[in-house]
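Asker: My structure is in run_22.cif, and what it holds is mmCIF, C-alpha atoms:
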```cif
data_query
loop_
_atom_site.label_atom_id
_atom_site.label_comp_id
_atom_site.auth_asym_id
_atom_site.auth_seq_id
_atom_site.Cartn_x
_atom_site.Cartn_y
_atom_site.Cartn_z
CA MET C 5 90.96 118.38 76.48
CA LEU C 6 92.36 114.89 76.09
CA GLU C 7 90.66 112.20 78.17
CA TYR C 8 92.68 109.11 78.98
CA ARG C 9 91.07 105.69 79.02
CA ILE C 10 92.80 103.26 81.37
CA ASP C 11 92.37 99.55 80.79
CA ARG C 12 93.55 97.75 83.92
CA ARG C 13 93.32 94.35 82.27
CA SER C 14 95.33 95.19 79.15
CA GLY C 15 98.64 94.09 80.64
CA VAL C 16 100.18 97.38 79.44
CA ALA C 17 101.63 99.45 82.29
CA THR C 18 99.28 102.28 83.21
CA TYR C 19 101.82 105.07 82.66
CA LEU C 20 102.57 103.61 79.23
CA GLN C 21 98.88 103.74 78.31
CA ILE C 22 98.94 107.47 79.03
CA VAL C 23 102.14 107.92 76.99
CA GLN C 24 100.70 105.93 74.06
CA GLN C 25 97.36 107.73 74.06
CA THR C 26 99.13 111.08 74.10
CA ARG C 27 101.34 110.05 71.16
CA GLN C 28 98.27 108.78 69.31
CA ALA C 29 96.47 112.11 69.85
CA LEU C 30 99.57 113.92 68.55
CA ARG C 31 99.70 111.70 65.45
CA LEU C 32 96.06 112.34 64.70
CA GLY C 33 96.47 116.07 65.19
CA LEU C 34 94.00 116.06 68.11
CA LEU C 35 96.75 117.72 70.14
CA VAL C 36 98.92 120.47 68.64
CA PRO C 37 101.87 122.48 70.00
CA GLY C 38 100.75 124.86 72.73
CA ASP C 39 97.87 122.63 73.89
CA LYS C 40 97.74 121.90 77.61
CA LEU C 41 97.57 118.35 78.94
CA PRO C 42 95.10 117.70 81.78
CA THR C 43 96.58 118.16 85.25
CA ALA C 44 97.48 115.09 87.32
CA ARG C 45 94.54 115.95 89.54
CA GLU C 46 92.11 115.97 86.60
CA VAL C 47 93.43 112.67 85.25
CA VAL C 48 93.28 110.80 88.56
CA GLU C 49 89.87 112.19 89.44
CA ALA C 50 88.48 110.72 86.20
CA THR C 51 90.44 107.47 86.13
CA ALA C 52 91.08 106.66 89.83
CA ILE C 53 94.74 105.84 89.21
CA ASN C 54 97.77 106.84 91.28
CA PRO C 55 98.92 110.46 90.75
CA ASN C 56 102.55 109.34 90.61
CA THR C 57 101.68 107.27 87.54
CA VAL C 58 100.47 110.36 85.67
CA LEU C 59 103.59 112.27 86.68
CA LYS C 60 105.75 109.38 85.49
CA ALA C 61 103.98 109.38 82.10
CA TYR C 62 104.39 113.14 81.75
CA ARG C 63 108.07 112.88 82.63
CA GLU C 64 108.48 110.25 79.92
CA LEU C 65 106.76 112.52 77.36
CA GLU C 66 109.00 115.35 78.47
CA ARG C 67 112.09 113.18 78.07
CA GLU C 68 110.97 112.46 74.50
CA GLY C 69 110.74 116.21 73.91
CA LEU C 70 107.02 116.05 73.16
CA VAL C 71 105.82 118.11 76.11
CA GLU C 72 107.17 120.76 78.43
CA ALA C 73 106.26 121.25 82.09
CA LYS C 74 105.90 124.88 83.06
CA ARG C 75 106.06 125.31 86.79
CA GLY C 76 102.73 126.35 88.26
CA LEU C 77 101.05 126.47 84.84
CA GLY C 78 100.85 122.89 83.66
CA THR C 79 102.22 120.60 80.97
CA PHE C 80 102.13 121.80 77.36
CA ILE C 81 102.64 120.16 73.97
CA ARG C 82 105.96 121.18 72.40
CA ARG C 83 105.86 119.46 69.05
CA SER C 84 103.59 117.30 66.95
CA LEU C 85 104.21 113.74 65.84
CA GLY C 86 103.92 112.16 62.41
CA SER C 87 102.36 113.80 59.41
CA ALA C 88 98.82 112.46 59.19
CA PRO C 89 96.46 114.80 61.03
CA ALA C 90 92.78 113.90 61.15
CA ASP C 91 92.01 116.15 58.17
CA SER C 92 94.77 114.79 55.88
CA PRO C 93 93.61 113.50 52.44
CA LEU C 94 95.25 110.20 53.45
CA VAL C 95 92.42 109.62 55.93
CA GLU C 96 89.75 109.83 53.23
CA GLU C 97 91.83 107.68 50.86
CA LEU C 98 92.20 104.99 53.49
CA ALA C 99 88.49 105.17 54.34
CA ASP C 100 87.74 104.78 50.63
CA TRP C 101 90.03 101.75 50.45
CA ALA C 102 88.32 100.22 53.50
CA ARG C 103 84.89 100.76 51.91
CA ARG C 104 86.02 98.97 48.74
CA ALA C 105 87.50 96.08 50.75
CA ARG C 106 84.20 95.71 52.57
CA ALA C 107 82.19 95.95 49.34
CA ALA C 108 84.39 93.17 47.97
CA GLY C 109 83.04 90.97 50.79
CA MET C 110 86.04 91.00 53.14
CA GLU C 111 85.49 90.50 56.87
CA ARG C 112 86.78 93.01 59.43
CA ASP C 113 89.53 90.64 60.59
CA ASP C 114 90.62 89.96 56.98
CA VAL C 115 90.91 93.69 56.34
CA ALA C 116 92.87 94.22 59.56
CA ALA C 117 95.23 91.33 58.71
CA LEU C 118 95.77 92.63 55.17
CA PHE C 119 96.43 96.16 56.42
CA ALA C 120 98.86 94.89 59.06
CA SER C 121 100.80 92.81 56.52
CA VAL C 122 101.08 95.71 54.04
CA LEU C 123 102.20 97.95 56.91
CA GLU C 124 104.75 95.37 57.94
CA ARG C 125 106.22 95.26 54.38
CA GLN C 126 106.31 99.04 53.95
CA PHE C 127 107.96 99.82 57.26
CA LYS C 128 110.26 96.81 57.46
CA GLU C 129 113.52 98.78 57.78
CA ASP C 130 112.20 101.47 60.11
CA GLY C 131 111.86 99.42 63.26
CA ASP C 132 109.03 100.66 65.43
CA SER C 133 107.53 104.04 64.78
CA MET J 16 113.43 116.25 100.68
CA THR J 17 111.66 112.97 101.18
CA GLU J 18 110.32 112.29 104.63
CA THR J 19 109.27 109.12 106.37
CA VAL J 20 105.61 109.17 107.35
CA ILE J 21 105.48 105.79 109.08
CA GLU J 22 108.38 104.00 110.70
CA ALA J 23 107.48 100.73 112.42
CA GLU J 24 110.09 98.75 114.28
CA GLY J 25 109.42 95.26 115.59
CA LEU J 26 105.78 96.12 116.11
CA GLY J 27 103.59 93.48 117.75
CA LEU J 28 100.23 93.17 119.48
CA ARG J 29 99.10 90.31 121.65
CA HIS J 30 95.54 89.82 122.84
CA GLY J 31 95.71 89.44 126.62
CA ARG J 32 98.71 88.09 128.50
CA ARG J 33 98.30 84.54 127.27
CA GLY J 34 96.45 85.24 124.07
CA GLY J 35 97.70 84.84 120.55
CA TRP J 36 99.68 87.42 118.62
CA ALA J 37 97.52 89.43 116.23
CA LEU J 38 100.66 90.97 114.75
CA ARG J 39 104.36 90.37 115.29
CA ASP J 40 107.85 91.52 114.16
CA CYS J 41 106.37 94.16 111.96
CA SER J 42 109.03 96.55 110.59
CA PHE J 43 108.70 98.85 107.60
CA ARG J 44 109.09 102.46 106.50
CA LEU J 45 106.74 104.42 104.31
CA ARG J 46 107.64 107.71 102.76
CA GLU J 47 105.60 110.81 102.14
CA GLY J 48 103.19 110.81 99.20
CA ARG J 49 102.84 107.05 98.91
CA VAL J 50 99.53 105.34 98.27
CA CYS J 51 100.03 102.05 100.08
CA ALA J 52 97.99 98.88 99.64
CA LEU J 53 97.67 96.86 102.84
CA VAL J 54 96.52 93.47 101.65
CA GLY J 55 96.04 90.03 103.15
CA PRO J 56 93.33 87.50 103.92
CA ASN J 57 90.66 88.06 106.58
CA GLY J 58 92.15 87.96 110.05
CA ALA J 59 95.70 88.53 108.78
CA GLY J 60 96.37 91.52 111.03
CA LYS J 61 95.59 94.38 108.63
CA SER J 62 93.17 96.15 110.96
CA THR J 63 95.48 95.60 113.93
CA LEU J 64 98.35 97.24 112.06
CA LEU J 65 96.16 100.22 111.13
CA THR J 66 94.92 100.73 114.70
CA LEU J 67 98.51 100.61 116.00
CA VAL J 68 99.62 103.22 113.44
CA ALA J 69 96.54 105.32 114.32
CA ARG J 70 97.52 104.98 118.02
CA LEU J 71 94.10 103.58 118.85
CA ALA J 72 95.86 100.65 120.49
CA LEU J 73 99.20 100.37 122.28
CA PRO J 74 101.66 97.81 120.93
CA THR J 75 102.68 94.92 123.17
CA GLU J 76 106.19 95.28 121.75
CA GLY J 77 108.06 97.46 119.29
CA THR J 78 107.50 101.06 118.28
CA VAL J 79 105.83 103.08 115.58
CA ARG J 80 106.68 106.66 114.70
CA THR J 81 104.19 108.51 112.55
CA ALA J 82 102.34 111.78 111.91
CA PRO J 83 101.07 113.70 114.96
CA PRO J 84 97.41 113.05 115.90
CA GLU J 85 96.13 116.29 114.38
CA ALA J 86 97.68 115.38 111.00
CA LEU J 87 96.40 111.84 110.96
CA ALA J 88 92.96 110.61 109.92
CA TYR J 89 91.68 107.08 110.37
CA VAL J 90 88.48 105.60 108.97
CA GLY J 91 87.71 102.24 110.55
CA GLN J 92 85.65 99.47 109.03
CA ASP J 93 82.64 100.32 111.20
CA LYS J 94 82.70 104.00 110.07
CA PRO J 95 81.89 105.46 113.49
CA LEU J 96 79.53 108.44 113.13
CA TYR J 97 76.81 109.89 115.34
CA PRO J 98 73.55 108.48 113.95
CA GLN J 99 71.41 111.28 115.39
CA LEU J 100 73.39 114.05 113.65
CA THR J 101 72.54 115.27 110.16
CA ILE J 102 75.15 115.33 107.36
CA ALA J 103 75.54 119.11 107.80
CA GLU J 104 75.91 118.77 111.58
CA THR J 105 78.51 116.03 111.13
CA LEU J 106 80.60 118.31 108.92
CA ARG J 107 80.18 121.19 111.38
CA MET J 108 81.47 118.88 114.10
CA GLY J 109 84.48 118.17 111.88
CA ARG J 110 85.13 121.88 111.55
CA GLU J 111 84.89 122.47 115.27
CA LEU J 112 87.06 119.50 116.20
CA ASN J 113 89.79 120.57 113.77
CA PRO J 114 90.22 124.28 114.34
CA GLY J 115 92.63 125.97 111.96
CA ARG J 116 92.97 123.06 109.55
CA TRP J 117 89.42 122.17 108.45
CA ASP J 118 89.00 122.19 104.66
CA ALA J 119 85.25 122.62 104.11
CA GLY J 120 85.63 122.46 100.30
CA ALA J 121 87.33 119.07 100.36
CA ALA J 122 84.71 117.65 102.72
CA GLU J 123 81.77 119.07 100.78
CA ARG J 124 83.05 117.77 97.43
CA ILE J 125 82.92 114.22 98.78
CA VAL J 126 79.45 114.64 100.27
CA GLU J 127 78.03 116.44 97.20
CA GLY J 128 78.40 113.22 95.24
CA LEU J 129 75.67 111.80 97.47
CA GLU J 130 73.02 114.15 96.08
CA LEU J 131 71.31 114.06 99.45
CA ASP J 132 69.73 116.81 101.52
CA PRO J 133 72.41 117.88 104.05
CA ARG J 134 69.63 117.79 106.67
CA THR J 135 69.39 114.00 106.31
CA ARG J 136 70.30 112.21 109.52
CA VAL J 137 73.24 109.79 109.45
CA ARG J 138 70.89 107.15 110.88
CA ALA J 139 68.91 107.18 107.61
CA LEU J 140 71.96 106.64 105.36
CA SER J 141 72.94 103.39 103.66
CA GLY J 142 76.31 101.78 104.39
CA GLY J 143 77.84 103.25 101.24
CA GLN J 144 76.50 106.73 102.00
CA ARG J 145 77.94 106.56 105.52
CA THR J 146 81.30 105.63 104.01
CA ARG J 147 81.25 108.85 102.01
CA VAL J 148 80.39 110.97 105.05
CA ALA J 149 83.14 109.28 107.08
CA LEU J 150 85.63 109.93 104.26
CA ALA J 151 84.47 113.54 103.96
CA LEU J 152 85.16 113.98 107.67
CA ALA J 153 88.62 112.42 107.24
CA LEU J 154 89.59 114.48 104.17
CA GLY J 155 88.22 117.70 105.66
CA LYS J 156 90.79 117.30 108.40
CA ARG J 157 93.43 117.79 105.67
CA PRO J 158 95.55 114.93 107.03
CA ALA J 159 99.16 114.28 106.09
CA LEU J 160 98.43 110.59 106.61
CA LEU J 161 95.10 108.94 105.82
CA LEU J 162 94.48 105.41 107.13
CA LEU J 163 91.52 103.59 105.59
CA ASP J 164 90.37 100.16 106.72
CA GLU J 165 88.46 98.42 103.90
CA PRO J 166 87.18 101.77 102.63
CA MET J 167 85.37 100.50 99.54
CA ALA J 168 83.78 97.34 100.96
CA ASP J 169 80.16 98.53 100.91
CA LEU J 170 80.24 100.65 97.75
CA ASP J 171 78.88 99.76 94.32
CA PRO J 172 81.39 99.81 91.42
CA LEU J 173 80.46 103.31 90.26
CA ALA J 174 80.63 104.84 93.74
CA ARG J 175 83.90 103.01 94.31
CA HIS J 176 85.44 104.47 91.15
CA ARG J 177 84.22 107.98 92.01
CA LEU J 178 85.44 107.84 95.56
CA MET J 179 88.81 106.40 94.60
CA GLY J 180 89.07 109.20 92.00
CA ALA J 181 88.26 111.82 94.64
CA LEU J 182 90.81 110.28 96.99
CA MET J 183 93.54 110.26 94.33
CA ALA J 184 92.71 113.85 93.34
CA ASP J 185 93.20 114.86 96.95
CA ALA J 186 96.49 112.98 97.09
CA ALA J 187 97.60 114.65 93.84
CA GLU J 188 96.84 118.10 95.15
CA HIS J 189 98.14 117.84 98.70
CA GLY J 190 100.64 114.98 98.58
CA THR J 191 98.60 113.10 101.20
CA THR J 192 100.06 109.73 102.16
CA VAL J 193 97.35 107.06 102.06
CA VAL J 194 97.33 103.54 103.49
CA MET J 195 94.28 101.46 102.59
CA SER J 196 93.50 97.88 103.40
CA SER J 197 91.56 95.49 101.24
CA HIS J 198 91.23 91.82 100.56
CA ILE J 199 90.08 92.55 97.01
CA LEU J 200 93.45 92.61 95.30
CA THR J 201 92.41 93.97 91.91
CA GLU J 202 90.69 96.95 93.54
CA LEU J 203 94.10 98.37 94.45
CA GLU J 204 95.99 97.66 91.24
CA GLY J 205 96.79 100.89 89.44
CA VAL J 206 95.89 102.93 92.50
CA CYS J 207 98.66 101.98 94.91
CA ASP J 208 102.39 102.42 94.43
CA HIS J 209 103.46 100.68 97.62
CA LEU J 210 102.66 97.21 98.90
CA LEU J 211 102.35 95.64 102.33
CA LEU J 212 101.21 92.03 102.33
CA VAL J 213 100.24 90.89 105.82
CA ASP J 214 99.48 87.25 106.46
CA GLY J 215 99.26 85.31 109.72
CA GLY J 216 100.21 88.42 111.72
CA ARG J 217 103.49 88.94 109.80
CA ILE J 218 104.61 91.12 106.95
CA ARG J 219 105.34 88.90 103.95
CA LEU J 220 105.97 91.47 101.22
CA SER J 221 106.84 95.11 101.65
CA GLY J 222 108.15 97.84 99.37
CA PRO J 223 107.44 100.01 96.34
CA MET J 224 105.02 98.10 94.08
CA ASP J 225 107.20 98.21 90.94
CA GLN J 226 110.30 97.02 92.80
CA VAL J 227 108.50 94.18 94.55
CA GLN J 228 107.03 93.06 91.24
CA ALA J 229 110.36 93.45 89.42
CA ALA J 230 112.05 91.14 91.94
CA HIS J 231 109.82 88.21 90.96
CA ARG J 232 109.52 86.03 87.86
CA LEU J 233 107.07 83.38 86.80
CA LEU J 234 108.99 80.51 85.16
CA THR J 235 107.47 77.67 83.17
CA GLY J 236 109.56 74.71 82.01
CA PRO J 237 109.92 70.91 82.00
CA VAL J 238 109.56 69.08 85.33
CA ALA J 239 112.92 67.42 84.55
CA ALA J 240 114.64 70.81 85.00
CA ARG J 241 113.20 71.29 88.49
CA ALA J 242 116.64 71.11 90.14
CA GLU J 243 117.69 74.32 88.36
CA LEU J 244 115.16 76.23 90.45
CA ALA J 245 117.35 75.75 93.54
CA ALA J 246 119.57 78.55 92.22
CA HIS J 247 116.77 81.00 93.05
CA THR J 248 114.48 81.78 95.97
CA VAL J 249 111.40 79.72 95.21
CA VAL J 250 108.09 81.06 96.48
CA GLU J 251 105.81 78.47 94.94
CA THR J 252 105.89 75.64 92.40
CA ARG J 253 102.97 73.97 90.69
CA THR J 254 103.12 70.99 88.40
CA THR J 255 100.77 70.27 85.52
CA GLY J 256 101.64 67.06 83.67
CA ARG J 257 105.27 67.35 82.61
CA ARG J 258 105.39 71.14 83.00
CA ILE J 259 106.29 73.00 86.14
CA THR J 260 105.42 76.62 86.90
CA ALA J 261 107.41 78.41 89.59
CA LEU J 262 107.21 81.85 91.12
CA VAL J 263 110.78 82.74 92.04
CA ARG J 264 112.98 85.61 93.11
CA PRO J 265 115.89 85.16 90.71
CA ARG J 266 119.35 85.19 92.28
CA GLY J 267 121.16 84.76 88.98
CA PRO J 268 120.54 84.32 85.26
CA VAL J 269 117.65 82.11 84.13
CA ASP J 270 118.31 79.82 81.15
CA GLY J 271 115.99 81.16 78.44
CA ARG J 272 116.18 77.91 76.44
CA THR J 273 114.69 75.86 79.28
CA TRP J 274 112.39 78.38 80.95
CA GLU J 275 109.69 80.59 79.63
CA THR J 276 109.92 83.73 81.79
CA VAL J 277 107.24 86.34 82.45
CA HIS J 278 106.66 89.06 85.02
CA PRO J 279 103.85 88.03 87.36
CA SER J 280 100.80 90.25 87.73
CA LEU J 281 100.08 91.68 91.16
CA GLU J 282 97.36 89.09 91.65
CA GLU J 283 99.62 86.18 90.68
CA LEU J 284 102.31 87.48 93.01
CA LEU J 285 99.99 87.84 96.00
CA LEU J 286 98.14 84.57 95.49
CA ALA J 287 101.41 82.62 95.17
CA HIS J 288 102.55 84.03 98.51
CA LEU J 289 99.23 83.36 100.22
CA ARG J 290 99.29 79.75 99.02
CA SER J 291 102.83 79.32 100.33
CA PRO J 292 102.90 80.49 103.96
CA ASP J 293 106.48 79.21 104.40
CA ALA J 294 108.02 81.25 101.58
CA PRO J 295 110.62 83.67 102.96
CA PRO J 296 109.48 87.31 103.32
CA PHE J 297 110.69 89.99 100.94
CA ALA J 298 111.19 93.66 101.74
CA VAL J 299 112.56 96.73 100.00
CA ASP J 300 113.16 99.60 102.41
CA ASP J 301 111.15 102.54 101.09
CA LEU J 302 113.73 105.11 102.13
CA LEU J 303 116.58 103.29 100.42
CA ALA J 304 114.46 102.51 97.36
CA GLY J 305 114.76 104.32 94.02
CA THR J 306 114.45 108.08 93.80
CA GLU J 307 111.14 108.19 92.05
CA VAL J 308 109.17 110.81 93.94
CA PRO J 309 106.47 113.14 92.71
CA ALA J 310 107.92 116.23 91.03
#
```
What does the file become when written as structure tokens?
Answerer:
Amino acid sequence: MLEYRIDRRSGVATYLQIVQQTRQALRLGLLVPGDKLPTAREVVEATAINPNTVLKAYRELEREGLVEAKRGLGTFIRRSLGSAPADSPLVEELADWARRARAAGMERDDVAALFASVLERQFKEDGDS
Amino acid sequence: MTETVIEAEGLGLRHGRRGGWALRDCSFRLREGRVCALVGPNGAGKSTLLTLVARLALPTEGTVRTAPPEALAYVGQDKPLYPQLTIAETLRMGRELNPGRWDAGAAERIVEGLELDPRTRVRALSGGQRTRVALALALGKRPALLLLDEPMADLDPLARHRLMGALMADAAEHGTTVVMSSHILTELEGVCDHLLLVDGGRIRLSGPMDQVQAAHRLLTGPVAARAELAAHTVVETRTTGRRITALVRPRGPVDGRTWETVHPSLEELLLAHLRSPDAPPFAVDDLLAGTEVPA
């Protein structure tokens, strides 16, 4: 079951944090179609946020077609996102690249900056994704 | 169908015939399912407002319509409990005083977190432990409206998080309307979706949290452009060198070339109002507000 982490000081709206973490879990293949999201009760009990915020996030995910609310049963994943699940060969290739960057003496921030700039060049025309 | 849970109209309370007004001209509506933050400095009138809504005091003027007594629970700052009763006896009293509506499960879940022998007497409990027992008694009543006066004041951060979580879980399950007061502003951010700012016995800000926040902007620009601010309702201005920062309620477009514009945080919004007692009040009627209600 997915556990949401809420950072009250991040400046990102709470419902958006839930939306983003759900999308992230879908991208990584941690959530697959048919999986059930935690109930609003479960989320607020763990995070002490307002139940309406969870419902707002779930409505947003539903609007995007990612989840489906089934009355009396809960909210379920409808489709996955992206194409890089946690067990994709891309993960190991990227890890290998990161190891080599580190071995070459690069600092964490340098690696992050390099990765971000390559990403920026590759996805220039796509807008956000 | 959305229902009003509290409707206050010109509510006021005066201490004695010649005394000062603890609260005055207080009008607002709160709809079912809201979690409302009642904030303001010490002595602002928060507790007075809660006792009037709880019908523990009669208003000097105005009216308040709210849930019937059996559907209303109030936990005051002093957490009144019988010190000679044990935890188990206190809960049994709750059951007997609320025939037909007592929810033993809800009450016990709150008390279980204490990890204390139910035979412990209330007298032997710490302030924070008493808070939990008082809240258990309130939630066991299965209220439609829960009024909490500074509920988290004597709890450590972990207990506070747990109790707030338990409270929100209860609200999620039963659609309980909650009003809680606090002078710790950040404690309520993320928890509450409705705001009442009380200051000097008056309501200064009132309405759904997102709409109250959306009505305000924090502008930063050159002091020379100060005159442009007159086009908006100015809550507060502060000058640092040649820069001026203003919290405003925009009444028209803001020139993006002159002013850097951001949405204020809840804390910035509240502090600006508290520093500027003469700023005009702002209210969004909850029943006329957007249609965002729990599905």
Asker: Once the PyMOL selection byres ((chain J) within 10 of (chain C)) has been evaluated on this model, what residues remain selected, and can you format them as a PyMOL selection string?
Answerer: chain J and resi 48-50+175-188+190+201+203-208+280+307-310
Asker: From the options C:Val122, C:Ala102, C:Ala107, C:Val95, which residue's atoms come nearest to Leu32 in chain C, counting only C-alpha atoms?
Answerer: C:Val95
Asker: Can you spell out as a list in words the set of residues that the PyMOL selection byres ((chain J and resi 215) around 7) selects in the structure I just provided?
Answerer: Ala59, Gly60, Val213, Asp214, Gly216 and Arg217 of chain J
Asker: Skip range 35-42 of chain J itself and residues of its chain fewer than 3 positions away, then list as a PyMOL selection string all residues within 7 Å of it, counting all atoms listed in the file.
Answerer: chain J and resi 23-30+60+63+216-218
Asker: Would you mind reading off the distance between CA of Leu96 in chain J and CA of Ala149 in chain J, one decimal, in Å?
Answerer: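 So the answer is 7.1 Å.
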Asker: For CA of Val20 in chain J and CA of Glu202 in chain J, quote the distance in Å rounded to one decimal.
Answerer: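 CA of Val20 in chain J sits 23.7 Å away from CA of Glu202 in chain J.
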Asker: Restricting the calculation to all atoms listed in the file: of C:Pro93, C:Gly109, C:Gly78, C:Gly69, which residue gets closest to Pro42 in chain C?
Answerer: C:Gly78
Asker: Kindly provide, as number ranges by chain, the polymer residues lying within 9 Å of (99.2, 110.6, 76.7), counting all atoms listed in the file and using the coordinates exactly as they appear in the file.
Answerer: C: 6-8, 19-30, 41, 61-62, 65
Asker: CA of Gly143 in chain J and CA of Ile125 in chain J, how far apart in Å?
Answerer: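 Between these atoms lies a distance of 12.3 Å.
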Asker: If you count all atoms listed in the file, which residues fall within 12 Å of range 68-70 of chain J, apart from same-chain ones fewer than 2 positions away, as a PyMOL selection string?
Answerer: chain J and resi 20-24+26-28+41-45+61-66+72-74+77-91+160-164+194
Asker: Determine the residue membership of the PyMOL selection byres ((chain C and resi 82) around 7) for the file above and supply it as a PyMOL selection string.
Answerer: chain C and resi 37-38+70-72+80-81+83
Asker: Could you save those same residues with C-alpha atoms as an mmCIF file, in the coordinates of the input?
Answerer:
```cif
data_model
loop_
_atom_site.group_PDB
_atom_site.id
_atom_site.type_symbol
_atom_site.label_atom_id
_atom_site.label_comp_id
_atom_site.auth_asym_id
_atom_site.auth_seq_id
_atom_site.Cartn_x
_atom_site.Cartn_y
_atom_site.Cartn_z
ATOM 1 C CA PRO C 37 101.870 122.480 70.000
ATOM 2 C CA GLY C 38 100.750 124.860 72.730
ATOM 3 C CA LEU C 70 107.020 116.050 73.160
ATOM 4 C CA VAL C 71 105.820 118.110 76.110
ATOM 5 C CA GLU C 72 107.170 120.760 78.430
ATOM 6 C CA PHE C 80 102.130 121.800 77.360
ATOM 7 C CA ILE C 81 102.640 120.160 73.970
ATOM 8 C CA ARG C 83 105.860 119.460 69.050
#
```
Asker: Within 7 Å of range 131-138 of chain J, counting only C-alpha atoms, which residues qualify if same-chain residues fewer than 4 places away don't, as a list in words?
Answerer: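 Using only C-alpha atoms, the neighbours found are Tyr97, Pro98, Gln99, Leu100, Thr101, Ile102, Ala103 and Arg145 of chain J.
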Asker: At most 8 Å from (111.8, 111.3, 103.5), file frame, all atoms listed in the file: which residues, as a list in words?
Answerer: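 Answer for this query, in the requested form: Met16, Thr17, Glu18, Thr19, Val20, Arg46, Glu47 and Leu302 of chain J.
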